[in-house]
$ cat final-v9.txt   # compact mmCIF, C-alpha atoms
# COMPACT_ATOMS: atom_id res chain seq x y z
CA MET A 449 15.98 32.89 -10.29
CA ALA A 450 12.50 33.99 -11.38
CA LEU A 451 9.98 31.18 -11.76
CA ASP A 452 7.40 31.04 -14.54
CA GLU A 453 4.34 28.88 -13.80
CA VAL A 454 3.71 28.26 -17.50
CA LYS A 455 7.23 26.93 -17.98
CA ILE A 456 6.65 24.57 -15.05
CA THR A 457 3.47 23.36 -16.72
CA ARG A 458 5.17 22.90 -20.08
CA ALA A 459 8.08 21.03 -18.49
CA ILE A 460 5.68 18.54 -16.94
CA VAL A 461 3.39 18.06 -19.94
CA GLU A 462 6.07 17.94 -22.63
CA SER A 463 8.35 15.55 -20.74
CA TYR A 464 5.44 13.28 -19.82
CA LEU A 465 4.08 13.14 -23.36
CA GLU A 466 7.53 12.38 -24.72
CA SER A 467 7.90 9.33 -22.49
CA PHE A 468 4.24 8.31 -22.89
CA LEU A 469 4.47 8.23 -26.68
CA LYS A 470 7.46 5.89 -26.45
CA CYS A 471 5.19 3.49 -24.56
CA THR A 472 2.60 3.21 -27.32
CA ASP A 473 4.56 0.46 -29.07
CA VAL A 474 6.50 -1.87 -26.77
CA ASP A 475 7.70 -5.44 -26.48
CA VAL A 476 6.00 -6.20 -23.17
CA ALA A 477 3.18 -4.36 -21.40
CA LEU A 478 2.59 -5.27 -17.77
CA VAL A 479 -0.67 -4.48 -16.01
CA GLY A 480 -0.62 -3.97 -12.26
CA ALA A 481 2.47 -2.77 -10.40
CA GLY A 482 2.47 -5.32 -7.60
CA PRO A 483 5.53 -7.27 -6.47
CA ALA A 484 5.40 -9.90 -9.22
CA ASN A 485 5.23 -7.39 -12.06
CA LEU A 486 7.83 -5.10 -10.50
CA VAL A 487 10.27 -8.01 -10.49
CA ALA A 488 9.25 -9.01 -14.01
CA ALA A 489 9.67 -5.45 -15.31
CA LYS A 490 13.23 -5.25 -13.97
CA ARG A 491 14.20 -8.62 -15.44
CA LEU A 492 12.80 -7.69 -18.85
CA ALA A 493 14.33 -4.21 -18.93
CA GLU A 494 17.72 -5.69 -18.03
CA ALA A 495 17.36 -7.89 -21.11
CA ASP A 496 16.99 -4.76 -23.28
CA VAL A 497 13.28 -5.35 -23.76
CA ARG A 498 11.03 -2.32 -24.21
CA VAL A 499 8.81 -2.47 -21.13
CA VAL A 500 5.93 -0.40 -19.77
CA LEU A 501 4.05 -1.12 -16.56
CA PHE A 502 0.58 0.35 -16.01
CA GLU A 503 -0.86 0.83 -12.52
CA LYS A 504 -4.43 2.03 -12.00
CA ARG A 505 -3.80 3.44 -8.54
CA LEU A 506 -1.80 6.48 -7.49
CA SER A 507 0.76 4.29 -5.72
CA VAL A 508 2.57 1.20 -6.92
CA GLY A 509 3.33 -1.90 -4.86
CA GLY A 510 -0.05 -3.61 -4.75
CA GLY A 511 -0.76 -5.22 -1.39
CA LEU A 512 2.78 -4.85 -0.10
CA TRP A 513 2.31 -1.49 1.65
CA GLY A 514 0.02 -2.80 4.37
CA GLY A 515 2.13 -5.83 5.25
CA GLY A 516 -0.05 -8.08 7.39
CA MET A 517 -3.14 -6.30 8.75
CA MET A 518 -1.35 -2.93 8.54
CA PHE A 519 1.75 -4.16 10.37
CA PRO A 520 4.37 -3.13 7.76
CA ARG A 521 6.20 -6.44 7.70
CA ILE A 522 6.12 -9.34 5.27
CA VAL A 523 7.45 -12.88 5.40
CA VAL A 524 9.61 -14.39 2.68
CA GLN A 525 10.73 -18.01 2.62
CA LYS A 526 14.35 -18.97 2.08
CA GLU A 527 13.94 -19.84 -1.62
CA ALA A 528 13.17 -16.20 -2.45
CA CYS A 529 15.70 -14.48 -0.17
CA ARG A 530 18.17 -14.33 -3.07
CA ILE A 531 15.80 -11.85 -4.76
CA LEU A 532 15.78 -9.66 -1.63
CA ASP A 533 19.59 -9.84 -1.70
CA GLU A 534 19.61 -8.71 -5.32
CA TYR A 535 17.76 -5.51 -4.35
CA SER A 536 19.78 -4.99 -1.13
CA ILE A 537 16.62 -5.37 0.94
CA TRP A 538 17.36 -5.97 4.63
CA TYR A 539 15.70 -8.94 6.30
CA ARG A 540 16.21 -11.15 9.31
CA GLU A 541 15.46 -14.76 10.13
CA PHE A 542 12.51 -15.06 12.49
CA GLU A 543 12.59 -18.84 12.74
CA GLU A 544 14.17 -21.43 10.50
CA GLY A 545 12.87 -20.87 6.98
CA TYR A 546 10.87 -17.71 7.87
CA TYR A 547 12.46 -14.37 6.99
CA VAL A 548 10.94 -10.99 7.85
CA ALA A 549 11.34 -7.80 5.76
CA ASP A 550 10.00 -4.25 6.00
CA SER A 551 7.15 -4.00 3.49
CA ILE A 552 7.79 -0.31 2.79
CA GLU A 553 11.45 -0.92 2.02
CA VAL A 554 10.45 -3.80 -0.25
CA VAL A 555 8.08 -1.59 -2.27
CA ALA A 556 10.62 1.21 -2.54
CA LYS A 557 13.49 -0.96 -3.68
CA LEU A 558 11.50 -3.15 -6.07
CA THR A 559 10.17 0.02 -7.69
CA ALA A 560 13.59 1.67 -7.86
CA GLY A 561 15.03 -1.53 -9.32
CA ALA A 562 12.51 -1.58 -12.17
CA ILE A 563 13.03 2.11 -12.95
CA ASP A 564 16.81 1.92 -12.75
CA ALA A 565 16.77 -1.03 -15.15
CA GLY A 566 14.90 1.08 -17.71
CA ALA A 567 11.26 0.05 -17.28
CA GLU A 568 8.62 2.77 -17.71
CA LEU A 569 6.02 2.95 -14.92
CA ILE A 570 2.77 4.81 -15.56
CA ASN A 571 0.28 5.21 -12.73
CA LEU A 572 -3.36 6.34 -12.66
CA VAL A 573 -4.08 4.45 -15.89
CA THR A 574 -6.68 1.68 -16.10
CA VAL A 575 -6.66 -1.10 -18.68
CA GLU A 576 -10.24 -1.48 -19.80
CA ASP A 577 -9.84 -3.74 -22.83
CA VAL A 578 -7.32 -5.54 -25.03
CA MET A 579 -6.45 -5.32 -28.72
CA ILE A 580 -6.69 -8.49 -30.81
CA ARG A 581 -5.74 -9.61 -34.31
CA GLU A 582 -6.02 -12.85 -36.30
CA GLY A 583 -6.95 -15.82 -34.15
CA ASP A 584 -7.99 -13.39 -31.40
CA ARG A 585 -4.37 -13.19 -30.27
CA ILE A 586 -3.71 -10.42 -27.75
CA VAL A 587 -1.56 -7.71 -29.35
CA GLY A 588 -2.02 -4.75 -27.05
CA LEU A 589 -4.04 -2.89 -24.44
CA VAL A 590 -6.83 -0.33 -24.39
CA ILE A 591 -6.20 2.24 -21.68
CA ASN A 592 -7.94 5.16 -20.02
CA TRP A 593 -7.44 7.44 -17.05
CA THR A 594 -8.47 5.86 -13.76
CA ALA A 595 -10.11 9.16 -12.84
CA ALA A 596 -12.48 8.87 -15.81
CA GLU A 597 -13.45 5.36 -14.75
CA MET A 598 -14.00 6.45 -11.14
CA ALA A 599 -16.12 9.42 -12.24
CA GLY A 600 -18.26 7.17 -14.40
CA ILE A 601 -17.98 9.45 -17.42
CA HIS A 602 -17.72 8.22 -20.98
CA VAL A 603 -14.32 9.08 -22.40
CA ASP A 604 -13.04 7.08 -25.37
CA PRO A 605 -9.79 5.27 -24.58
CA LEU A 606 -6.44 5.05 -26.34
CA ALA A 607 -4.47 1.96 -27.33
CA ILE A 608 -0.93 0.71 -27.07
CA ARG A 609 0.68 -2.14 -29.00
CA ALA A 610 2.57 -4.91 -27.19
CA ARG A 611 4.01 -8.19 -28.40
CA VAL A 612 3.35 -9.74 -24.98
CA VAL A 613 1.02 -8.72 -22.14
CA ILE A 614 1.46 -9.76 -18.50
CA ASP A 615 -1.58 -9.62 -16.20
CA GLY A 616 -0.36 -8.92 -12.69
CA THR A 617 -3.56 -7.29 -11.42
CA GLY A 618 -3.77 -9.36 -8.26
CA HIS A 619 -6.97 -10.95 -7.01
CA ASP A 620 -8.98 -9.33 -9.83
CA ALA A 621 -7.08 -10.92 -12.75
CA ALA A 622 -8.61 -8.00 -14.62
CA VAL A 623 -7.07 -8.53 -18.06
CA CYS A 624 -7.87 -12.24 -18.02
CA ARG A 625 -11.48 -11.52 -17.11
CA VAL A 626 -11.79 -9.04 -20.00
CA VAL A 627 -10.51 -11.67 -22.44
CA GLN A 628 -12.85 -14.32 -21.06
CA LYS A 629 -15.85 -11.97 -21.17
CA LYS A 630 -15.34 -10.34 -24.56
CA ILE A 631 -13.86 -13.05 -26.79
CA PRO A 632 -16.48 -15.67 -27.66
CA GLY A 633 -15.34 -19.14 -26.66
CA ALA A 634 -12.12 -17.91 -25.08
CA ILE A 635 -10.78 -20.16 -22.34
CA VAL A 636 -8.17 -18.45 -20.20
CA GLY A 637 -5.87 -21.05 -18.68
CA GLU A 638 -6.99 -24.64 -18.48
CA SER A 639 -10.57 -24.01 -17.34
CA GLY A 640 -11.17 -20.27 -17.48
CA VAL A 641 -10.91 -17.74 -14.67
CA ILE A 642 -12.37 -19.60 -11.71
CA GLY A 643 -11.37 -17.43 -8.76
CA GLU A 644 -9.14 -17.99 -5.76
CA LYS A 645 -9.83 -20.32 -2.87
CA PRO A 646 -9.57 -19.51 0.86
CA MET A 647 -6.20 -19.26 2.57
CA TRP A 648 -3.66 -22.09 2.61
CA ALA A 649 -0.25 -20.45 2.64
CA GLU A 650 1.92 -23.48 1.87
CA LEU A 651 -0.11 -24.62 -1.12
CA GLY A 652 -0.78 -21.06 -2.28
CA GLU A 653 2.92 -20.26 -2.43
CA LYS A 654 3.54 -23.29 -4.61
CA ILE A 655 0.61 -22.74 -6.94
CA VAL A 656 1.33 -19.06 -7.60
CA VAL A 657 4.64 -20.04 -9.18
CA ASP A 658 3.37 -23.17 -10.94
CA ALA A 659 0.40 -21.24 -12.37
CA THR A 660 2.56 -18.45 -13.82
CA ARG A 661 2.34 -19.15 -17.55
CA GLU A 662 0.88 -18.06 -20.86
CA VAL A 663 -2.86 -18.55 -20.36
CA TYR A 664 -4.05 -17.20 -23.72
CA PRO A 665 -2.13 -16.36 -26.90
CA GLY A 666 -0.10 -13.26 -26.08
CA LEU A 667 -1.19 -13.15 -22.44
CA ILE A 668 0.91 -14.27 -19.45
CA VAL A 669 -0.39 -14.26 -15.90
CA ALA A 670 1.67 -13.58 -12.77
CA GLY A 671 1.26 -13.16 -9.01
CA MET A 672 -2.18 -13.39 -7.44
CA ALA A 673 -3.73 -13.11 -10.89
CA ALA A 674 -2.15 -16.48 -11.65
CA THR A 675 -3.66 -17.87 -8.45
CA THR A 676 -7.07 -16.50 -9.38
CA VAL A 677 -6.98 -18.08 -12.84
CA ALA A 678 -5.79 -21.43 -11.48
CA ALA A 679 -8.24 -21.48 -8.54
CA GLY A 680 -5.41 -21.70 -6.04
CA PRO A 681 -5.70 -20.63 -2.40
CA ARG A 682 -4.61 -17.23 -1.17
CA MET A 683 -1.49 -17.14 0.97
CA GLY A 684 -1.66 -13.89 2.91
CA PRO A 685 1.37 -11.70 3.77
CA ILE A 686 4.06 -14.13 2.64
CA PHE A 687 5.56 -12.87 -0.61
CA GLY A 688 8.28 -15.23 -1.74
CA GLY A 689 5.96 -16.81 -4.29
CA MET A 690 5.09 -13.40 -5.72
CA LEU A 691 8.74 -12.54 -6.30
CA LEU A 692 9.47 -15.92 -7.88
CA SER A 693 6.34 -15.64 -10.01
CA GLY A 694 7.55 -12.33 -11.43
CA GLU A 695 10.91 -13.84 -12.25
CA LYS A 696 9.21 -16.74 -14.04
CA ALA A 697 6.81 -14.46 -15.94
CA ALA A 698 9.75 -12.48 -17.30
CA SER A 699 11.48 -15.67 -18.41
CA ILE A 700 8.36 -16.85 -20.25
CA ALA A 701 7.96 -13.45 -21.92
CA LEU A 702 11.54 -13.55 -23.14
CA GLU A 703 10.93 -16.99 -24.64
CA LYS A 704 7.81 -15.75 -26.42
CA LEU A 705 9.64 -12.74 -27.80
CA ALA A 706 12.46 -14.92 -29.08
CA GLN A 707 9.99 -17.27 -30.76
CA SER A 708 8.24 -14.38 -32.52
CA VAL A 709 11.54 -13.33 -34.10
CA GLU A 710 12.42 -16.78 -35.38
$ encode --input "final-v9.txt" --output "structure tokens"
Amino acid sequence: MALDEVKITRAIVESYLESFLKCTDVDVALVGAGPANLVAAKRLAEADVRVVLFEKRLSVGGGLWGGGMMFPRIVVQKEACRILDEYSIWYREFEEGYYVADSIEVVAKLTAGAIDAGAELINLVTVEDVMIREGDRIVGLVINWTAAEMAGIHVDPLAIRARVVIDGTGHDAAVCRVVQKKIPGAIVGESGVIGEKPMWAELGEKIVVDATREVYPGLIVAGMAATTVAAGPRMGPIFGGMLLSGEKAASIALEKLAQSVE
């Protein structure tokens, strides 16, 4: 078979644009492809929700890849092991209540789970702003290529519409900070984006789930972004709370979508 370089180019560009255009008007847009949002994306897609997940980096998975200090292992507590089971992720009990999993396998299977469920994942795209309507409600995202941001060149962005947005951008809580900075008088969460506290794994794992909620009209926060907004402590390479946070974020999003139809 003879290969034509132009046909290869057209195959890539045309197929990408076709899928990208479908993502310009969705039910839920998730920002940051870390563990919480990967779980949330799968849950939402399984509920026949139109879902797109934007990741600014080349790779998805957030902080999972490096495990703890570049040892590719993570710890998950018993309460979240059922989620590992759902994805057929292998783990073993280290001591009572402490379960160890391969961080690379976790990334791979969480990602495959979201894609297989029907979620669209788009990497190398940065969310630089939000769209608002009456009452300053969040109704979408303003996006640009990460490469343009890194190069420091001015390129006007594009926009996508979403009925619900989930900020899963980790320690940065990037979408929440944009809302707090650019909407006069906006209070994200109970007291605004305060920032995370130093490490306390036990309390951090509890707060990351408790703090997963709608923090501004149209905006839900999940994972470490929830911790950052709620001024909770970081928890390090234990990820059960992240998985449970994603599950909760999806449940809240489904409730919000149902309410908007009523």
$ closest_atom_pairs --input "final-v9.txt" --of "range 572-641 of chain A" --to "range 457-481 of chain A" --cutoff "6 Å" --atoms "all atoms listed in the file" --output "Markdown table"
| residue | atom | partner | partner_atom | distance |
| --- | --- | --- | --- | --- |
| A:Ile608 | CA | A:Thr472 | CA | 4.3 |
| A:Arg609 | CA | A:Asp473 | CA | 4.7 |
| A:Ala610 | CA | A:Val474 | CA | 5.0 |
| A:Arg611 | CA | A:Asp475 | CA | 5.0 |
| A:Val612 | CA | A:Val476 | CA | 4.8 |
| A:Val613 | CA | A:Ala477 | CA | 4.9 |
| A:Ile614 | CA | A:Leu478 | CA | 4.7 |
| A:Asp615 | CA | A:Val479 | CA | 5.2 |
| A:Gly616 | CA | A:Gly480 | CA | 5.0 |
| A:Thr617 | CA | A:Gly480 | CA | 4.5 |
$ atom_distance --input "final-v9.txt" --atom1 "CA of Val578 in chain A" --atom2 "CA of Gly633 in chain A"
15.9 Å
$ residues_around --input "final-v9.txt" --residues "Lys704 in chain A" --least-positions-apart "5" --cutoff "10 Å" --atoms "all atoms listed in the file" --output "VMD selection string"
chain A and resid 611 to 612 662 665 to 666 668 698 to 699 709
$ residues_around --input "final-v9.txt" --residues "Asp584 in chain A" --least-positions-apart "3" --cutoff "9 Å" --atoms "all atoms listed in the file" --output "ChimeraX atom specification"
/A:579-581,587,631,634,665
$ write_last_selection --input "final-v9.txt" --atoms "C-alpha atoms" --output "PDB file, in the coordinates of the input"
ATOM      1  CA  MET A 579      -6.450  -5.320 -28.720  1.00  0.00           C
ATOM      2  CA  ILE A 580      -6.690  -8.490 -30.810  1.00  0.00           C
ATOM      3  CA  ARG A 581      -5.740  -9.610 -34.310  1.00  0.00           C
ATOM      4  CA  VAL A 587      -1.560  -7.710 -29.350  1.00  0.00           C
ATOM      5  CA  ILE A 631     -13.860 -13.050 -26.790  1.00  0.00           C
ATOM      6  CA  ALA A 634     -12.120 -17.910 -25.080  1.00  0.00           C
ATOM      7  CA  PRO A 665      -2.130 -16.360 -26.900  1.00  0.00           C
TER       8      PRO A 665
END
$ atom_distance --input "final-v9.txt" --atom1 "CA of His602 in chain A" --atom2 "CA of Gln628 in chain A"
23.1 Å
$ closest_atom_pairs --input "final-v9.txt" --of "range 461-511 of chain A" --to "range 532-543 of chain A" --cutoff "12 Å" --atoms "all atoms listed in the file" --output "JSON lines"
{"residue": "A:Pro483", "atom": "CA", "partner": "A:Leu532", "partner_atom": "CA", "distance": 11.6}
{"residue": "A:Leu486", "atom": "CA", "partner": "A:Tyr535", "partner_atom": "CA", "distance": 11.7}
{"residue": "A:Val487", "atom": "CA", "partner": "A:Tyr535", "partner_atom": "CA", "distance": 10.0}
{"residue": "A:Lys490", "atom": "CA", "partner": "A:Tyr535", "partner_atom": "CA", "distance": 10.6}
{"residue": "A:Arg491", "atom": "CA", "partner": "A:Glu534", "partner_atom": "CA", "distance": 11.5}
$ closest_residue --input "final-v9.txt" --among "A:Val555, A:Ile655, A:Val677, A:Leu492" --to "Pro520 in chain A" --atoms "only C-alpha atoms"
A:Val555
$ build_atoms --input "final-v9.txt" --residues "range 594-616 of chain A" --atoms "N, CA and C atoms" --output "JSON list (two decimals), keeping the file's coordinate frame"
[["chain", "number", "residue", "atom", "x", "y", "z"],
["A", 594, "THR", "N", -7.71, 6.41, -14.88],
["A", 594, "THR", "CA", -8.47, 5.86, -13.76],
["A", 594, "THR", "C", -9.51, 6.85, -13.28],
["A", 595, "ALA", "N", -9.17, 8.13, -13.30],
["A", 595, "ALA", "CA", -10.11, 9.16, -12.84],
["A", 595, "ALA", "C", -11.40, 9.15, -13.65],
["A", 596, "ALA", "N", -11.28, 8.92, -14.97],
["A", 596, "ALA", "CA", -12.48, 8.87, -15.81],
["A", 596, "ALA", "C", -13.35, 7.68, -15.44],
["A", 597, "GLU", "N", -12.70, 6.55, -15.17],
["A", 597, "GLU", "CA", -13.45, 5.36, -14.75],
["A", 597, "GLU", "C", -14.14, 5.61, -13.41],
["A", 598, "MET", "N", -13.43, 6.20, -12.46],
["A", 598, "MET", "CA", -14.00, 6.45, -11.14],
["A", 598, "MET", "C", -15.16, 7.44, -11.21],
["A", 599, "ALA", "N", -15.06, 8.42, -12.12],
["A", 599, "ALA", "CA", -16.12, 9.42, -12.24],
["A", 599, "ALA", "C", -17.33, 8.89, -13.00],
["A", 600, "GLY", "N", -17.15, 7.76, -13.66],
["A", 600, "GLY", "CA", -18.26, 7.17, -14.40],
["A", 600, "GLY", "C", -18.65, 7.96, -15.63],
["A", 601, "ILE", "N", -17.68, 8.68, -16.22],
["A", 601, "ILE", "CA", -17.98, 9.45, -17.42],
["A", 601, "ILE", "C", -17.45, 8.71, -18.64],
["A", 602, "HIS", "N", -18.13, 8.90, -19.76],
["A", 602, "HIS", "CA", -17.72, 8.22, -20.98],
["A", 602, "HIS", "C", -16.63, 9.03, -21.68],
["A", 603, "VAL", "N", -15.44, 8.50, -21.68],
["A", 603, "VAL", "CA", -14.32, 9.08, -22.40],
["A", 603, "VAL", "C", -13.69, 7.96, -23.22],
["A", 604, "ASP", "N", -13.63, 8.13, -24.53],
["A", 604, "ASP", "CA", -13.04, 7.08, -25.37],
["A", 604, "ASP", "C", -11.58, 6.86, -25.00],
["A", 605, "PRO", "N", -11.15, 5.61, -25.00],
["A", 605, "PRO", "CA", -9.79, 5.27, -24.58],
["A", 605, "PRO", "C", -8.78, 5.40, -25.71],
["A", 606, "LEU", "N", -7.53, 5.14, -25.37],
["A", 606, "LEU", "CA", -6.44, 5.05, -26.34],
["A", 606, "LEU", "C", -5.88, 3.63, -26.30],
["A", 607, "ALA", "N", -4.99, 3.32, -27.24],
["A", 607, "ALA", "CA", -4.47, 1.96, -27.33],
["A", 607, "ALA", "C", -2.96, 1.96, -27.42],
["A", 608, "ILE", "N", -2.37, 0.90, -26.92],
["A", 608, "ILE", "CA", -0.93, 0.71, -27.07],
["A", 608, "ILE", "C", -0.69, -0.70, -27.60],
["A", 609, "ARG", "N", 0.34, -0.84, -28.42],
["A", 609, "ARG", "CA", 0.68, -2.14, -29.00],
["A", 609, "ARG", "C", 1.74, -2.82, -28.14],
["A", 610, "ALA", "N", 1.59, -4.13, -27.95],
["A", 610, "ALA", "CA", 2.57, -4.91, -27.19],
["A", 610, "ALA", "C", 2.64, -6.31, -27.77],
["A", 611, "ARG", "N", 3.85, -6.83, -27.89],
["A", 611, "ARG", "CA", 4.01, -8.19, -28.40],
["A", 611, "ARG", "C", 3.61, -9.23, -27.36],
["A", 612, "VAL", "N", 3.74, -8.86, -26.09],
["A", 612, "VAL", "CA", 3.35, -9.74, -24.98],
["A", 612, "VAL", "C", 2.72, -8.88, -23.90],
["A", 613, "VAL", "N", 1.67, -9.39, -23.26],
["A", 613, "VAL", "CA", 1.02, -8.72, -22.14],
["A", 613, "VAL", "C", 1.13, -9.61, -20.91],
["A", 614, "ILE", "N", 1.42, -9.01, -19.76],
["A", 614, "ILE", "CA", 1.46, -9.76, -18.50],
["A", 614, "ILE", "C", 0.41, -9.18, -17.56],
["A", 615, "ASP", "N", -0.54, -10.01, -17.17],
["A", 615, "ASP", "CA", -1.58, -9.62, -16.20],
["A", 615, "ASP", "C", -1.06, -9.88, -14.79],
["A", 616, "GLY", "N", -0.77, -8.81, -14.08],
["A", 616, "GLY", "CA", -0.36, -8.92, -12.69],
["A", 616, "GLY", "C", -1.28, -8.10, -11.81]]
